[in-house]
>>> print(open('query-v2.txt').read())   # compact mmCIF, N, CA and C atoms
# COMPACT_ATOMS: atom_id res chain seq x y z
N MET V 202 9.58 -3.00 -3.94
CA MET V 202 9.19 -2.48 -2.66
C MET V 202 10.39 -2.32 -1.73
N GLU V 203 11.52 -2.83 -2.19
CA GLU V 203 12.74 -2.66 -1.39
C GLU V 203 13.03 -1.19 -1.17
N SER V 204 12.77 -0.36 -2.18
CA SER V 204 13.06 1.07 -2.04
C SER V 204 12.18 1.70 -0.98
N ILE V 205 10.93 1.27 -0.86
CA ILE V 205 10.05 1.80 0.19
C ILE V 205 10.59 1.40 1.55
N ARG V 206 10.99 0.16 1.70
CA ARG V 206 11.53 -0.30 2.99
C ARG V 206 12.87 0.35 3.31
N ARG V 207 13.66 0.63 2.28
CA ARG V 207 14.95 1.29 2.51
C ARG V 207 14.74 2.69 3.09
N VAL V 208 13.77 3.41 2.57
CA VAL V 208 13.50 4.78 3.01
C VAL V 208 12.66 4.79 4.28
N CYS V 209 11.67 3.92 4.35
CA CYS V 209 10.77 3.83 5.51
C CYS V 209 11.00 2.46 6.15
N GLY V 210 11.98 2.37 6.99
CA GLY V 210 12.42 1.09 7.54
C GLY V 210 11.35 0.27 8.22
N ASP V 211 10.33 0.92 8.78
CA ASP V 211 9.28 0.19 9.49
C ASP V 211 8.11 -0.18 8.59
N ALA V 212 8.21 0.07 7.29
CA ALA V 212 7.07 -0.10 6.38
C ALA V 212 6.58 -1.55 6.34
N ARG V 213 5.26 -1.68 6.43
CA ARG V 213 4.59 -2.95 6.15
C ARG V 213 3.87 -2.75 4.82
N VAL V 214 4.05 -3.67 3.92
CA VAL V 214 3.48 -3.55 2.58
C VAL V 214 2.61 -4.78 2.32
N TYR V 215 1.37 -4.53 1.93
CA TYR V 215 0.41 -5.60 1.66
C TYR V 215 -0.07 -5.51 0.21
N LEU V 216 -0.01 -6.63 -0.48
CA LEU V 216 -0.55 -6.74 -1.83
C LEU V 216 -2.01 -7.15 -1.73
N PHE V 217 -2.88 -6.45 -2.47
CA PHE V 217 -4.29 -6.84 -2.52
C PHE V 217 -4.78 -6.68 -3.95
N GLY V 218 -6.04 -6.91 -4.17
CA GLY V 218 -6.59 -6.77 -5.51
C GLY V 218 -6.35 -8.00 -6.36
N SER V 219 -6.38 -7.79 -7.68
CA SER V 219 -6.33 -8.92 -8.61
C SER V 219 -5.02 -9.71 -8.52
N TYR V 220 -3.91 -9.05 -8.23
CA TYR V 220 -2.65 -9.80 -8.11
C TYR V 220 -2.67 -10.71 -6.89
N ALA V 221 -3.24 -10.25 -5.79
CA ALA V 221 -3.33 -11.08 -4.58
C ALA V 221 -4.30 -12.24 -4.79
N ARG V 222 -5.37 -11.99 -5.54
CA ARG V 222 -6.37 -13.04 -5.78
C ARG V 222 -5.97 -13.99 -6.91
N GLY V 223 -4.97 -13.60 -7.69
CA GLY V 223 -4.55 -14.42 -8.82
C GLY V 223 -5.45 -14.27 -10.03
N THR V 224 -6.17 -13.14 -10.11
CA THR V 224 -7.09 -12.92 -11.22
C THR V 224 -6.66 -11.76 -12.12
N TRP V 225 -5.40 -11.37 -12.04
CA TRP V 225 -4.92 -10.23 -12.82
C TRP V 225 -4.93 -10.56 -14.31
N VAL V 226 -5.02 -9.50 -15.09
CA VAL V 226 -4.90 -9.59 -16.54
C VAL V 226 -3.78 -8.65 -16.96
N GLU V 227 -3.48 -8.64 -18.23
CA GLU V 227 -2.31 -7.90 -18.71
C GLU V 227 -2.29 -6.43 -18.29
N ASP V 228 -3.43 -5.76 -18.30
CA ASP V 228 -3.43 -4.33 -17.96
C ASP V 228 -3.84 -4.04 -16.51
N SER V 229 -3.81 -5.04 -15.65
CA SER V 229 -4.14 -4.84 -14.23
C SER V 229 -3.06 -4.00 -13.56
N ASP V 230 -3.48 -3.18 -12.60
CA ASP V 230 -2.49 -2.48 -11.79
C ASP V 230 -2.20 -3.30 -10.54
N VAL V 231 -1.14 -2.93 -9.85
CA VAL V 231 -0.73 -3.60 -8.62
C VAL V 231 -1.22 -2.75 -7.46
N ASP V 232 -2.08 -3.33 -6.62
CA ASP V 232 -2.67 -2.61 -5.50
C ASP V 232 -1.90 -2.92 -4.22
N LEU V 233 -1.44 -1.87 -3.54
CA LEU V 233 -0.66 -2.05 -2.33
C LEU V 233 -1.18 -1.16 -1.20
N VAL V 234 -1.19 -1.71 0.00
CA VAL V 234 -1.38 -0.93 1.22
C VAL V 234 0.01 -0.77 1.82
N VAL V 235 0.40 0.47 2.12
CA VAL V 235 1.71 0.74 2.72
C VAL V 235 1.46 1.43 4.05
N VAL V 236 2.01 0.86 5.12
CA VAL V 236 1.82 1.37 6.47
C VAL V 236 3.20 1.70 7.05
N SER V 237 3.37 2.97 7.48
CA SER V 237 4.67 3.36 8.04
C SER V 237 4.54 4.63 8.87
N ARG V 238 5.38 4.73 9.87
CA ARG V 238 5.46 5.96 10.66
C ARG V 238 6.08 7.11 9.86
N CYS V 239 6.79 6.81 8.80
CA CYS V 239 7.43 7.89 8.04
C CYS V 239 6.40 8.79 7.35
N PHE V 240 5.13 8.40 7.34
CA PHE V 240 4.08 9.23 6.73
C PHE V 240 3.47 10.22 7.72
N GLU V 241 3.87 10.14 8.98
CA GLU V 241 3.32 11.06 9.98
C GLU V 241 3.66 12.49 9.59
N GLY V 242 2.66 13.36 9.65
CA GLY V 242 2.84 14.76 9.30
C GLY V 242 2.71 15.07 7.83
N MET V 243 2.56 14.06 6.99
CA MET V 243 2.39 14.27 5.55
C MET V 243 0.91 14.30 5.20
N GLU V 244 0.55 15.15 4.28
CA GLU V 244 -0.81 15.17 3.73
C GLU V 244 -0.98 13.94 2.83
N PRO V 245 -2.23 13.48 2.65
CA PRO V 245 -2.46 12.28 1.82
C PRO V 245 -1.84 12.35 0.42
N GLY V 246 -2.00 13.47 -0.26
CA GLY V 246 -1.42 13.60 -1.60
C GLY V 246 0.09 13.54 -1.59
N GLU V 247 0.69 14.14 -0.58
CA GLU V 247 2.15 14.11 -0.44
C GLU V 247 2.64 12.68 -0.21
N ARG V 248 1.92 11.94 0.62
CA ARG V 248 2.26 10.53 0.88
C ARG V 248 2.23 9.72 -0.41
N TYR V 249 1.15 9.90 -1.17
CA TYR V 249 0.98 9.14 -2.41
C TYR V 249 2.13 9.45 -3.37
N ARG V 250 2.43 10.73 -3.56
CA ARG V 250 3.52 11.11 -4.47
C ARG V 250 4.86 10.56 -3.99
N PHE V 251 5.07 10.59 -2.68
CA PHE V 251 6.30 10.08 -2.09
C PHE V 251 6.47 8.59 -2.40
N VAL V 252 5.44 7.80 -2.13
CA VAL V 252 5.51 6.35 -2.37
C VAL V 252 5.58 6.06 -3.87
N ARG V 253 4.81 6.80 -4.65
CA ARG V 253 4.82 6.60 -6.10
C ARG V 253 6.21 6.85 -6.67
N GLY V 254 6.90 7.84 -6.12
CA GLY V 254 8.25 8.16 -6.57
C GLY V 254 9.25 7.06 -6.27
N LEU V 255 8.96 6.24 -5.27
CA LEU V 255 9.85 5.14 -4.89
C LEU V 255 9.56 3.85 -5.65
N ALA V 256 8.38 3.77 -6.26
CA ALA V 256 7.94 2.53 -6.90
C ALA V 256 8.54 2.37 -8.30
N SER V 257 8.61 1.15 -8.72
CA SER V 257 9.08 0.82 -10.06
C SER V 257 8.17 1.46 -11.10
N ARG V 258 8.75 1.85 -12.21
CA ARG V 258 7.97 2.43 -13.31
C ARG V 258 7.51 1.36 -14.29
N GLU V 259 7.93 0.12 -14.05
CA GLU V 259 7.62 -0.96 -14.99
C GLU V 259 6.17 -1.43 -14.90
N LEU V 260 5.53 -1.20 -13.75
CA LEU V 260 4.14 -1.62 -13.54
C LEU V 260 3.31 -0.43 -13.10
N ALA V 261 2.01 -0.54 -13.30
CA ALA V 261 1.09 0.48 -12.80
C ALA V 261 0.72 0.12 -11.36
N PHE V 262 0.85 1.06 -10.45
CA PHE V 262 0.57 0.84 -9.04
C PHE V 262 -0.57 1.73 -8.58
N GLU V 263 -1.31 1.24 -7.61
CA GLU V 263 -2.25 2.04 -6.83
C GLU V 263 -1.92 1.79 -5.37
N PHE V 264 -1.91 2.85 -4.57
CA PHE V 264 -1.50 2.75 -3.18
C PHE V 264 -2.57 3.25 -2.23
N LEU V 265 -2.69 2.58 -1.10
CA LEU V 265 -3.38 3.10 0.07
C LEU V 265 -2.27 3.28 1.10
N VAL V 266 -2.09 4.50 1.60
CA VAL V 266 -0.92 4.83 2.41
C VAL V 266 -1.38 5.35 3.77
N TYR V 267 -0.91 4.71 4.85
CA TYR V 267 -1.37 5.02 6.21
C TYR V 267 -0.22 5.04 7.20
N THR V 268 -0.41 5.80 8.28
CA THR V 268 0.42 5.62 9.47
C THR V 268 -0.14 4.39 10.18
N PRO V 269 0.60 3.80 11.13
CA PRO V 269 0.07 2.62 11.84
C PRO V 269 -1.26 2.90 12.55
N GLU V 270 -1.38 4.06 13.16
CA GLU V 270 -2.63 4.39 13.87
C GLU V 270 -3.79 4.55 12.89
N GLU V 271 -3.55 5.21 11.77
CA GLU V 271 -4.60 5.37 10.76
C GLU V 271 -5.02 4.02 10.19
N PHE V 272 -4.05 3.14 10.01
CA PHE V 272 -4.35 1.82 9.47
C PHE V 272 -5.24 1.04 10.42
N GLU V 273 -4.93 1.07 11.71
CA GLU V 273 -5.76 0.37 12.70
C GLU V 273 -7.18 0.92 12.69
N GLU V 274 -7.31 2.22 12.56
CA GLU V 274 -8.64 2.85 12.49
C GLU V 274 -9.35 2.46 11.19
N ALA V 275 -8.61 2.44 10.09
CA ALA V 275 -9.20 2.07 8.80
C ALA V 275 -9.68 0.62 8.81
N LEU V 276 -8.96 -0.25 9.51
CA LEU V 276 -9.40 -1.65 9.62
C LEU V 276 -10.75 -1.76 10.30
N LYS V 277 -11.05 -0.83 11.18
CA LYS V 277 -12.33 -0.84 11.89
C LYS V 277 -13.44 -0.16 11.10
N ARG V 278 -13.11 0.87 10.33
CA ARG V 278 -14.14 1.74 9.75
C ARG V 278 -14.25 1.74 8.23
N SER V 279 -13.21 1.34 7.54
CA SER V 279 -13.21 1.45 6.08
C SER V 279 -13.54 0.10 5.43
N VAL V 280 -14.64 0.06 4.72
CA VAL V 280 -15.03 -1.15 4.01
C VAL V 280 -13.98 -1.49 2.95
N VAL V 281 -13.41 -0.49 2.32
CA VAL V 281 -12.38 -0.72 1.30
C VAL V 281 -11.18 -1.44 1.91
N VAL V 282 -10.71 -0.95 3.05
CA VAL V 282 -9.55 -1.57 3.70
C VAL V 282 -9.90 -2.95 4.23
N GLN V 283 -11.08 -3.09 4.82
CA GLN V 283 -11.50 -4.40 5.33
C GLN V 283 -11.54 -5.42 4.20
N ASP V 284 -12.10 -5.03 3.07
CA ASP V 284 -12.17 -5.93 1.92
C ASP V 284 -10.77 -6.26 1.40
N ALA V 285 -9.94 -5.25 1.29
CA ALA V 285 -8.57 -5.47 0.80
C ALA V 285 -7.81 -6.43 1.69
N MET V 286 -7.95 -6.30 2.99
CA MET V 286 -7.17 -7.10 3.92
C MET V 286 -7.70 -8.52 4.07
N GLU V 287 -8.91 -8.79 3.57
CA GLU V 287 -9.45 -10.15 3.63
C GLU V 287 -8.57 -11.14 2.88
N TYR V 288 -7.99 -10.69 1.78
CA TYR V 288 -7.18 -11.59 0.96
C TYR V 288 -5.80 -10.99 0.67
N ALA V 289 -5.41 -9.99 1.44
CA ALA V 289 -4.10 -9.36 1.23
C ALA V 289 -2.96 -10.31 1.59
N VAL V 290 -1.84 -10.07 0.95
CA VAL V 290 -0.63 -10.84 1.20
C VAL V 290 0.43 -9.86 1.67
N GLU V 291 0.99 -10.09 2.87
CA GLU V 291 2.06 -9.20 3.33
C GLU V 291 3.33 -9.55 2.57
N LEU V 292 3.94 -8.53 2.00
CA LEU V 292 5.18 -8.72 1.24
C LEU V 292 6.36 -8.56 2.18
N SER V 293 7.32 -9.46 2.09
CA SER V 293 8.48 -9.37 2.99
C SER V 293 9.73 -8.97 2.24
>>> encode(input="query-v2.txt", output="structure tokens")
Amino acid sequence: MESIRRVCGDARVYLFGSYARGTWVEDSDVDLVVVSRCFEGMEPGERYRFVRGLASRELAFEFLVYTPEEFEEALKRSVVVQDAMEYAVELS
């Protein structure tokens, strides 16, 4: 995730899913929420491809990618994000 922070200096990255809960198995993917202003003006698919291009190829990743304002709204309205953030771990 260093590469994401290097490119998007304000990025907040949260681990959720089976890795955060400690229930992962060999073929589990790594679920991350990435929040940054560098996504402003990007379409959702463009954001995903951008972050995916920065991620390690050694593991399978799934991303939820938001601007800070979208993330605050998602915390209020998205059951998926609310559930993810219940046990998410902020990566530093």
>>> closest_residue(input="query-v2.txt", among="V:Met286, V:Ala261, V:Val208, V:Ala221", to="Glu273 (chain V)", atoms="only C-alpha atoms")
V:Met286
>>> atom_distance(input="query-v2.txt", atom1="CA of Leu255 (chain V)", atom2="CA of Val235 (chain V)")
12.0 Å
>>> closest_residue(input="query-v2.txt", among="V:Phe264, V:Tyr288, V:Tyr220, V:Tyr215", to="Tyr249 (chain V)", atoms="all atoms listed in the file")
V:Phe264
>>> closest_residue(input="query-v2.txt", among="V:Val266, V:Val234, V:Val281, V:Val226", to="Arg213 (chain V)", atoms="all atoms listed in the file")
V:Val234
>>> closest_residue(input="query-v2.txt", among="V:Val231, V:Val280, V:Ala285, V:Val290", to="Ser257 (chain V)", atoms="only C-alpha atoms")
V:Val231
>>> atom_distance(input="query-v2.txt", atom1="CA of Glu203 (chain V)", atom2="CA of Ala256 (chain V)")
9.0 Å
>>> select_by_dssp(input="query-v2.txt", residues="region 212-241 of chain V", states="strand (DSSP E)", output="ChimeraX atom specification")
/V:213-217,231-236
>>> closest_residue(input="query-v2.txt", among="V:Leu265, V:Leu292, V:Leu260, V:Val282", to="Arg206 (chain V)", atoms="only C-alpha atoms")
V:Leu292
>>> closest_residue(input="query-v2.txt", among="V:Gly246, V:Val236, V:Asp230, V:Ala275", to="Gly218 (chain V)", atoms="only C-alpha atoms")
V:Asp230
>>> select_by_dssp(input="query-v2.txt", residues="chain V", states="alpha helix (DSSP H)", output="tab-separated table (two decimals) with N, CA and C atoms, in the frame of the given file")
chain	number	residue	atom	x	y	z
V	203	GLU	N	11.52	-2.83	-2.19
V	203	GLU	CA	12.74	-2.66	-1.39
V	203	GLU	C	13.03	-1.19	-1.17
V	204	SER	N	12.77	-0.36	-2.18
V	204	SER	CA	13.06	1.07	-2.04
V	204	SER	C	12.18	1.70	-0.98
V	205	ILE	N	10.93	1.27	-0.86
V	205	ILE	CA	10.05	1.80	0.19
V	205	ILE	C	10.59	1.40	1.55
V	206	ARG	N	10.99	0.16	1.70
V	206	ARG	CA	11.53	-0.30	2.99
V	206	ARG	C	12.87	0.35	3.31
V	207	ARG	N	13.66	0.63	2.28
V	207	ARG	CA	14.95	1.29	2.51
V	207	ARG	C	14.74	2.69	3.09
V	208	VAL	N	13.77	3.41	2.57
V	208	VAL	CA	13.50	4.78	3.01
V	208	VAL	C	12.66	4.79	4.28
V	219	SER	N	-6.38	-7.79	-7.68
V	219	SER	CA	-6.33	-8.92	-8.61
V	219	SER	C	-5.02	-9.71	-8.52
V	220	TYR	N	-3.91	-9.05	-8.23
V	220	TYR	CA	-2.65	-9.80	-8.11
V	220	TYR	C	-2.67	-10.71	-6.89
V	221	ALA	N	-3.24	-10.25	-5.79
V	221	ALA	CA	-3.33	-11.08	-4.58
V	221	ALA	C	-4.30	-12.24	-4.79
V	222	ARG	N	-5.37	-11.99	-5.54
V	222	ARG	CA	-6.37	-13.04	-5.78
V	222	ARG	C	-5.97	-13.99	-6.91
V	245	PRO	N	-2.23	13.48	2.65
V	245	PRO	CA	-2.46	12.28	1.82
V	245	PRO	C	-1.84	12.35	0.42
V	246	GLY	N	-2.00	13.47	-0.26
V	246	GLY	CA	-1.42	13.60	-1.60
V	246	GLY	C	0.09	13.54	-1.59
V	247	GLU	N	0.69	14.14	-0.58
V	247	GLU	CA	2.15	14.11	-0.44
V	247	GLU	C	2.64	12.68	-0.21
V	248	ARG	N	1.92	11.94	0.62
V	248	ARG	CA	2.26	10.53	0.88
V	248	ARG	C	2.23	9.72	-0.41
V	249	TYR	N	1.15	9.90	-1.17
V	249	TYR	CA	0.98	9.14	-2.41
V	249	TYR	C	2.13	9.45	-3.37
V	250	ARG	N	2.43	10.73	-3.56
V	250	ARG	CA	3.52	11.11	-4.47
V	250	ARG	C	4.86	10.56	-3.99
V	251	PHE	N	5.07	10.59	-2.68
V	251	PHE	CA	6.30	10.08	-2.09
V	251	PHE	C	6.47	8.59	-2.40
V	252	VAL	N	5.44	7.80	-2.13
V	252	VAL	CA	5.51	6.35	-2.37
V	252	VAL	C	5.58	6.06	-3.87
V	253	ARG	N	4.81	6.80	-4.65
V	253	ARG	CA	4.82	6.60	-6.10
V	253	ARG	C	6.21	6.85	-6.67
V	254	GLY	N	6.90	7.84	-6.12
V	254	GLY	CA	8.25	8.16	-6.57
V	254	GLY	C	9.25	7.06	-6.27
V	255	LEU	N	8.96	6.24	-5.27
V	255	LEU	CA	9.85	5.14	-4.89
V	255	LEU	C	9.56	3.85	-5.65
V	269	PRO	N	0.60	3.80	11.13
V	269	PRO	CA	0.07	2.62	11.84
V	269	PRO	C	-1.26	2.90	12.55
V	270	GLU	N	-1.38	4.06	13.16
V	270	GLU	CA	-2.63	4.39	13.87
V	270	GLU	C	-3.79	4.55	12.89
V	271	GLU	N	-3.55	5.21	11.77
V	271	GLU	CA	-4.60	5.37	10.76
V	271	GLU	C	-5.02	4.02	10.19
V	272	PHE	N	-4.05	3.14	10.01
V	272	PHE	CA	-4.35	1.82	9.47
V	272	PHE	C	-5.24	1.04	10.42
V	273	GLU	N	-4.93	1.07	11.71
V	273	GLU	CA	-5.76	0.37	12.70
V	273	GLU	C	-7.18	0.92	12.69
V	274	GLU	N	-7.31	2.22	12.56
V	274	GLU	CA	-8.64	2.85	12.49
V	274	GLU	C	-9.35	2.46	11.19
V	275	ALA	N	-8.61	2.44	10.09
V	275	ALA	CA	-9.20	2.07	8.80
V	275	ALA	C	-9.68	0.62	8.81
V	276	LEU	N	-8.96	-0.25	9.51
V	276	LEU	CA	-9.40	-1.65	9.62
V	276	LEU	C	-10.75	-1.76	10.30
V	277	LYS	N	-11.05	-0.83	11.18
V	277	LYS	CA	-12.33	-0.84	11.89
V	277	LYS	C	-13.44	-0.16	11.10
V	278	ARG	N	-13.11	0.87	10.33
V	278	ARG	CA	-14.14	1.74	9.75
V	278	ARG	C	-14.25	1.74	8.23
V	280	VAL	N	-14.64	0.06	4.72
V	280	VAL	CA	-15.03	-1.15	4.01
V	280	VAL	C	-13.98	-1.49	2.95
V	281	VAL	N	-13.41	-0.49	2.32
V	281	VAL	CA	-12.38	-0.72	1.30
V	281	VAL	C	-11.18	-1.44	1.91
V	282	VAL	N	-10.71	-0.95	3.05
V	282	VAL	CA	-9.55	-1.57	3.70
V	282	VAL	C	-9.90	-2.95	4.23
V	283	GLN	N	-11.08	-3.09	4.82
V	283	GLN	CA	-11.50	-4.40	5.33
V	283	GLN	C	-11.54	-5.42	4.20
V	284	ASP	N	-12.10	-5.03	3.07
V	284	ASP	CA	-12.17	-5.93	1.92
V	284	ASP	C	-10.77	-6.26	1.40
V	285	ALA	N	-9.94	-5.25	1.29
V	285	ALA	CA	-8.57	-5.47	0.80
V	285	ALA	C	-7.81	-6.43	1.69
V	286	MET	N	-7.95	-6.30	2.99
V	286	MET	CA	-7.17	-7.10	3.92
V	286	MET	C	-7.70	-8.52	4.07
V	287	GLU	N	-8.91	-8.79	3.57
V	287	GLU	CA	-9.45	-10.15	3.63
V	287	GLU	C	-8.57	-11.14	2.88
>>> atom_distance(input="query-v2.txt", atom1="atom C of Phe217 (chain V)", atom2="atom N of Arg238 (chain V)")
20.6 Å
>>> axis_aligned_box(input="query-v2.txt", around="region 238-256 of chain V", padding_each_side="4 Å", output="AutoDock Vina command-line options")
--center_x 3.7 --center_y 8.8 --center_z 1.2 --size_x 20.3 --size_y 20.8 --size_z 27.0
